[in-house]
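Shown here: data15.txt, compact mmCIF, C-alpha atoms.
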# COMPACT_ATOMS: atom_id res chain seq x y z
CA MET A 299 0.00 0.00 0.00
CA LYS A 300 2.81 2.39 0.90
CA CYS A 301 4.67 1.57 -2.32
CA MET A 302 1.55 2.11 -4.45
CA LEU A 303 0.85 5.45 -2.78
CA THR A 304 4.46 6.53 -3.35
CA ILE A 305 4.34 5.50 -7.02
CA ILE A 306 1.07 7.36 -7.62
CA ILE A 307 2.30 10.56 -5.96
CA THR A 308 5.57 10.44 -7.90
CA LEU A 309 3.75 9.89 -11.20
CA VAL A 310 1.39 12.79 -10.52
CA SER A 311 4.29 15.09 -9.60
CA SER A 312 6.12 14.08 -12.80
CA LEU A 313 3.03 14.92 -14.87
CA VAL A 314 2.72 18.30 -13.15
CA LEU A 315 6.43 18.98 -13.71
CA TRP A 316 6.18 18.01 -17.38
CA GLY A 317 3.12 20.20 -17.83
CA CYS A 318 4.79 23.23 -16.22
CA ILE A 319 7.88 22.79 -18.39
CA ASN A 320 5.74 22.70 -21.53
CA LEU A 321 4.00 25.92 -20.50
CA VAL A 322 7.26 27.87 -20.65
CA ILE A 323 9.53 25.89 -23.00
CA ASP A 324 8.70 24.76 -26.52
CA GLY A 325 9.79 21.38 -27.87
CA MET A 326 9.41 19.46 -24.58
CA SER A 327 6.04 17.83 -25.27
CA ASP A 328 7.53 14.52 -26.40
CA PRO A 329 6.41 11.56 -24.20
CA TYR A 330 10.06 10.47 -24.07
CA ILE A 331 10.75 13.61 -22.03
CA LEU A 332 7.99 12.69 -19.57
CA PHE A 333 9.40 9.18 -19.24
CA ALA A 334 12.90 10.54 -18.63
CA LEU A 335 11.71 13.13 -16.10
CA HIS A 336 9.71 10.56 -14.17
CA PHE A 337 12.50 8.03 -13.74
CA ASP A 338 15.06 10.70 -12.99
CA THR A 339 12.78 11.77 -10.14
CA VAL A 340 12.30 8.16 -9.08
CA ALA A 341 16.06 7.62 -8.84
CA LEU A 342 16.45 10.58 -6.48
CA ILE A 343 13.31 10.36 -4.31
CA TYR A 344 12.66 6.65 -3.86
CA PRO A 345 15.95 5.81 -2.10
CA MET A 346 15.11 7.91 0.96
CA ILE A 347 11.49 6.68 1.00
CA PHE A 348 12.45 3.02 0.76
CA VAL A 349 15.22 3.30 3.36
CA ALA A 350 12.78 5.02 5.73
CA LEU A 351 9.97 2.49 5.18
CA TYR A 352 11.87 -0.79 4.98
CA SER A 353 14.69 -0.38 7.48
CA THR A 354 15.04 0.21 11.20
CA LEU A 355 17.84 2.75 10.81
CA PRO A 356 17.73 5.99 12.82
CA PHE A 357 16.57 9.15 11.09
CA GLU A 358 20.09 10.53 10.64
CA LEU A 359 21.29 7.42 8.80
CA VAL A 360 18.14 7.37 6.67
CA GLN A 361 18.95 10.90 5.54
CA ILE A 362 22.60 10.08 4.83
CA ILE A 363 21.94 6.87 2.89
CA GLY A 364 18.83 8.22 1.17
CA THR A 365 20.63 11.28 -0.21
CA THR A 366 23.69 9.33 -1.35
CA PRO A 367 22.35 8.75 -4.92
CA PHE A 368 21.70 12.50 -5.27
CA LEU A 369 25.21 13.42 -4.09
CA PHE A 370 26.81 10.80 -6.33
CA MET A 371 24.75 12.11 -9.25
CA ILE A 372 26.15 15.61 -8.70
CA PHE A 373 29.74 14.42 -8.44
CA PHE A 374 29.87 11.67 -11.06
CA SER A 375 27.07 12.05 -13.63
CA THR A 376 28.91 14.92 -15.44
CA THR A 377 25.50 16.52 -16.13
CA PHE A 378 26.38 19.72 -14.31
CA SER A 379 29.14 20.19 -16.88
CA PRO A 380 28.10 18.23 -20.00
CA GLY A 381 30.89 16.16 -21.49
CA ALA A 382 33.24 16.90 -18.60
CA GLY A 383 34.82 14.40 -16.25
CA ILE A 384 38.12 12.85 -15.35
CA THR A 385 39.28 10.11 -17.66
CA GLY A 386 38.67 6.74 -16.04
CA ILE A 387 36.16 8.13 -13.54
CA LYS A 388 33.68 9.69 -15.95
CA ILE A 389 32.60 6.23 -17.09
CA VAL A 390 30.57 6.12 -13.83
CA ARG A 391 28.15 8.60 -15.46
CA TYR A 392 26.44 5.68 -17.19
CA LEU A 393 25.05 4.59 -13.80
CA PHE A 394 22.92 7.73 -13.43
CA PRO A 395 19.59 8.39 -15.19
CA ARG A 396 20.32 12.13 -15.17
CA PHE A 397 22.99 11.52 -17.83
CA TYR A 398 20.45 9.86 -20.14
CA LEU A 399 17.92 12.62 -19.40
CA TRP A 400 20.39 15.22 -20.65
CA CYS A 401 21.06 13.04 -23.69
CA GLU A 402 17.34 13.42 -24.44
CA LEU A 403 17.03 17.19 -24.03
CA PRO A 404 16.89 19.21 -27.29
CA GLY A 405 19.81 21.59 -27.61
CA VAL A 406 21.80 19.80 -24.91
CA GLN A 407 22.15 16.33 -26.36
CA ASP A 408 24.49 17.62 -29.07
CA ASN A 409 26.98 18.74 -26.41
CA MET A 410 26.97 15.37 -24.61
CA GLU A 411 29.50 12.70 -25.36
CA GLY A 412 28.90 8.98 -25.10
CA CYS A 413 25.11 9.11 -25.43
CA PRO A 414 23.32 6.00 -26.77
CA GLU A 415 22.63 6.21 -30.48
CA GLY A 416 18.86 5.55 -30.47
CA ARG A 417 16.12 7.04 -28.32
CA ILE A 418 14.69 3.65 -27.37
CA GLU A 419 18.14 2.47 -26.29
CA ASN A 420 18.59 5.68 -24.30
CA MET A 421 15.27 5.16 -22.52
CA ILE A 422 16.14 1.54 -21.68
CA TYR A 423 19.44 2.55 -20.12
CA LEU A 424 17.72 5.39 -18.26
CA PHE A 425 15.14 3.00 -16.80
CA LEU A 426 17.75 0.43 -15.76
CA SER A 427 20.03 3.00 -14.15
CA ALA A 428 17.06 4.41 -12.20
CA GLN A 429 16.53 0.98 -10.59
CA LEU A 430 20.15 0.49 -9.51
CA PHE A 431 19.85 1.70 -5.92
CA HIS A 432 16.44 0.08 -5.41
CA THR A 433 17.70 -3.28 -6.64
CA CYS A 434 20.75 -3.21 -4.36
CA PHE A 435 18.71 -2.04 -1.36
CA PHE A 436 15.97 -4.66 -1.65
CA ALA A 437 18.57 -7.36 -2.31
CA LEU A 438 20.09 -6.50 1.08
CA VAL A 439 16.63 -6.44 2.71
CA PHE A 440 15.70 -9.87 1.34
CA ALA A 441 19.12 -11.27 2.25
CA LYS A 442 18.63 -10.04 5.82
CA GLN A 443 15.16 -11.60 6.03
CA PHE A 444 16.43 -14.88 4.61
CA LYS A 445 19.30 -14.99 7.12
CA LYS A 446 16.85 -14.28 9.94
CA LYS A 447 14.65 -17.21 8.89
CA VAL A 448 17.65 -19.52 8.57
CA ASP A 449 18.90 -18.54 12.04
CA LYS A 450 15.45 -19.12 13.50
CA PHE A 451 15.23 -22.54 11.87
CA LYS A 452 18.67 -23.50 13.21
CA SER A 453 17.68 -22.35 16.68
CA ILE A 454 14.52 -24.50 16.58
CA GLU A 455 16.46 -27.51 15.33
CA LYS A 456 19.06 -27.04 18.04
CA ARG A 457 16.40 -26.81 20.71
CA LYS A 458 14.68 -29.87 19.32
CA LEU A 459 17.92 -31.84 19.55
CA VAL A 460 18.54 -30.80 23.15
CA MET A 461 14.98 -31.37 24.34
CA SER A 462 14.79 -34.81 22.78
CA SER A 463 17.86 -36.02 24.69
CA GLU A 464 17.57 -38.46 27.58
CA PHE A 465 19.47 -36.12 29.88
CA PHE A 466 16.98 -33.33 29.30
CA GLY A 467 14.00 -35.58 30.07
CA THR A 468 15.63 -36.85 33.25
CA LEU A 469 16.38 -33.32 34.40
CA GLN A 470 12.79 -32.30 33.75
CA LYS A 471 11.42 -35.08 35.91
CA GLU A 472 13.84 -34.31 38.75
CA LEU A 473 12.97 -30.62 38.80
CA PHE A 474 9.24 -30.67 38.06
CA GLY A 475 8.18 -34.18 38.96
CA ALA A 476 5.00 -35.83 37.74
CA GLY A 477 3.24 -32.49 37.45
CA PHE A 478 5.34 -31.59 34.43
CA LYS A 479 3.75 -33.34 31.46
CA ARG A 480 4.00 -30.96 28.58
CA TYR A 481 7.39 -32.12 27.29
CA SER A 482 7.75 -35.40 29.13
CA GLN A 483 7.00 -37.34 25.96
CA LEU A 484 9.10 -35.07 23.77
CA THR A 485 10.66 -37.20 21.02
CA ILE A 486 11.09 -37.14 17.30
CA HIS A 487 7.31 -36.68 17.01
CA LEU A 488 7.59 -32.93 17.55
CA ASN A 489 5.96 -31.05 14.69
CA SER A 490 6.74 -27.57 13.38
CA ASP A 491 3.89 -25.93 15.32
CA ASP A 492 5.20 -27.38 18.58
CA LEU A 493 8.68 -26.12 17.83
CA LYS A 494 7.46 -22.62 17.00
CA ASP A 495 5.50 -22.60 20.24
CA ILE A 496 8.58 -23.72 22.14
CA ALA A 497 10.80 -21.14 20.48
CA SER A 498 8.41 -18.30 21.38
CA ASP A 499 7.80 -19.53 24.92
CA ASP A 500 11.18 -18.80 26.49
CA ASN A 501 9.79 -17.09 29.59
CA LYS A 502 8.04 -20.17 30.99
CA PRO A 503 9.86 -21.96 33.85
CA GLU A 504 10.16 -25.27 32.07
CA ASN A 505 11.96 -23.67 29.16
CA LEU A 506 14.60 -22.23 31.45
CA ILE A 507 16.16 -25.66 31.49
CA TYR A 508 17.02 -25.25 27.84
CA THR A 509 19.09 -22.21 28.71
CA CYS A 510 20.83 -24.08 31.49
CA CYS A 511 21.85 -26.83 29.09
CA PHE A 512 24.21 -24.51 27.22
As structure tokens, please, write out the structure in this file.
Amino acid sequence: MKCMLTIIITLVSSLVLWGCINLVIDGMSDPYILFALHFDTVALIYPMIFVALYSTLPFELVQIIGTTPFLFMIFFSTTFSPGAGITGIKIVRYLFPRFYLWCELPGVQDNMEGCPEGRIENMIYLFLSAQLFHTCFFALVFAKQFKKKVDKFKSIEKRKLVMSSEFFGTLQKELFGAGFKRYSQLTIHLNSDDLKDIASDDNKPENLIYTCCF
């Protein structure tokens, strides 16, 4: 829902921006310009929004990481001085949609060097470069979630192994006697629901034995 709302607002703002530009500048009514403006905006605005929504970082770090694509665009895209750049470093400009946007602008594209030959090719590269930060960010988010699930599974398996041991059962009976029945028959028959219940039930007295076993 948050992503859809963000996409809609960004699209509307791009349409408004494109309309305002066409009110004062002739020759900018081409839909390719709208496409380029939209994804240039996406590349600069979405990073901060996604970092704020899908991370637990403090506000200061969200601002720093979220504005990194904008700062890198200023330093490395060469669009603030068309065709400029240090040899060897200026190749980084191809990672920024702003470079392809300038390659699309009438009167500016002739002063740019290294622009794609066709408009369709230029738009494809612009779109792909606009997704660079988002792809890297969500790859890290999914990797973190996957690692969390793997660690949880390992923890459940480890607890299952300990609680199914003879020593654990004997210790249970000595401490809790006949009144403790919940895990007295704990064997290989444990199912996934039982294990999830066990893993989330660490505050109960009987589960304190598990901690003592390590």
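CA of Leu369 in chain A is found 27.7 Å from CA of Asn320 in chain A.
Distance-wise, CA of Lys446 in chain A and CA of Ser463 in chain A end up 26.3 Å apart.
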Given only C-alpha atoms as the counted atoms, nearest of A:Leu351, A:Cys401, A:Val390, A:Val360 to Val439 in chain A: A:Leu351
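The residue that comes closest to Phe378 in chain A, out of A:Tyr352, A:Arg391, A:Phe451, A:Ser427 and on the basis of only C-alpha atoms, is A:Arg391.
Atom to atom, CA of Pro404 in chain A and CA of Thr385 in chain A stand 26.0 Å apart.
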Given only C-alpha atoms as the counted atoms, nearest of A:Val448, A:Leu393, A:Ile362, A:Ile384 to Tyr423 in chain A: A:Leu393
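When only C-alpha atoms are used to compute distances to Leu335 in chain A, the closest of the residues A:Gly386, A:Gly364, A:Gly412, A:Pro395 turns out to be A:Pro395.
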Report as a ChimeraX atom specification all protein, DNA and RNA residues lying within 8 Å of range 326-328 of chain A, evaluated on all atoms listed in the file, omitting residues in the same chain fewer than 3 positions from it. /A:316,319-320,323,331-332,403-404
Find the residues near Asp338 in chain A: any atom within 8 Å, counting all atoms listed in the file, skip ones fewer than 3 places away on the same chain, and give them as a VMD selection string. chain A and resid 334 to 335 341 to 342 395 to 396 399 424 428
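Take the candidates A:Thr365, A:Ser311, A:Thr433, A:Asn420 and check each one against Ala350 in chain A using all atoms listed in the file; the shortest distance goes to A:Thr365.
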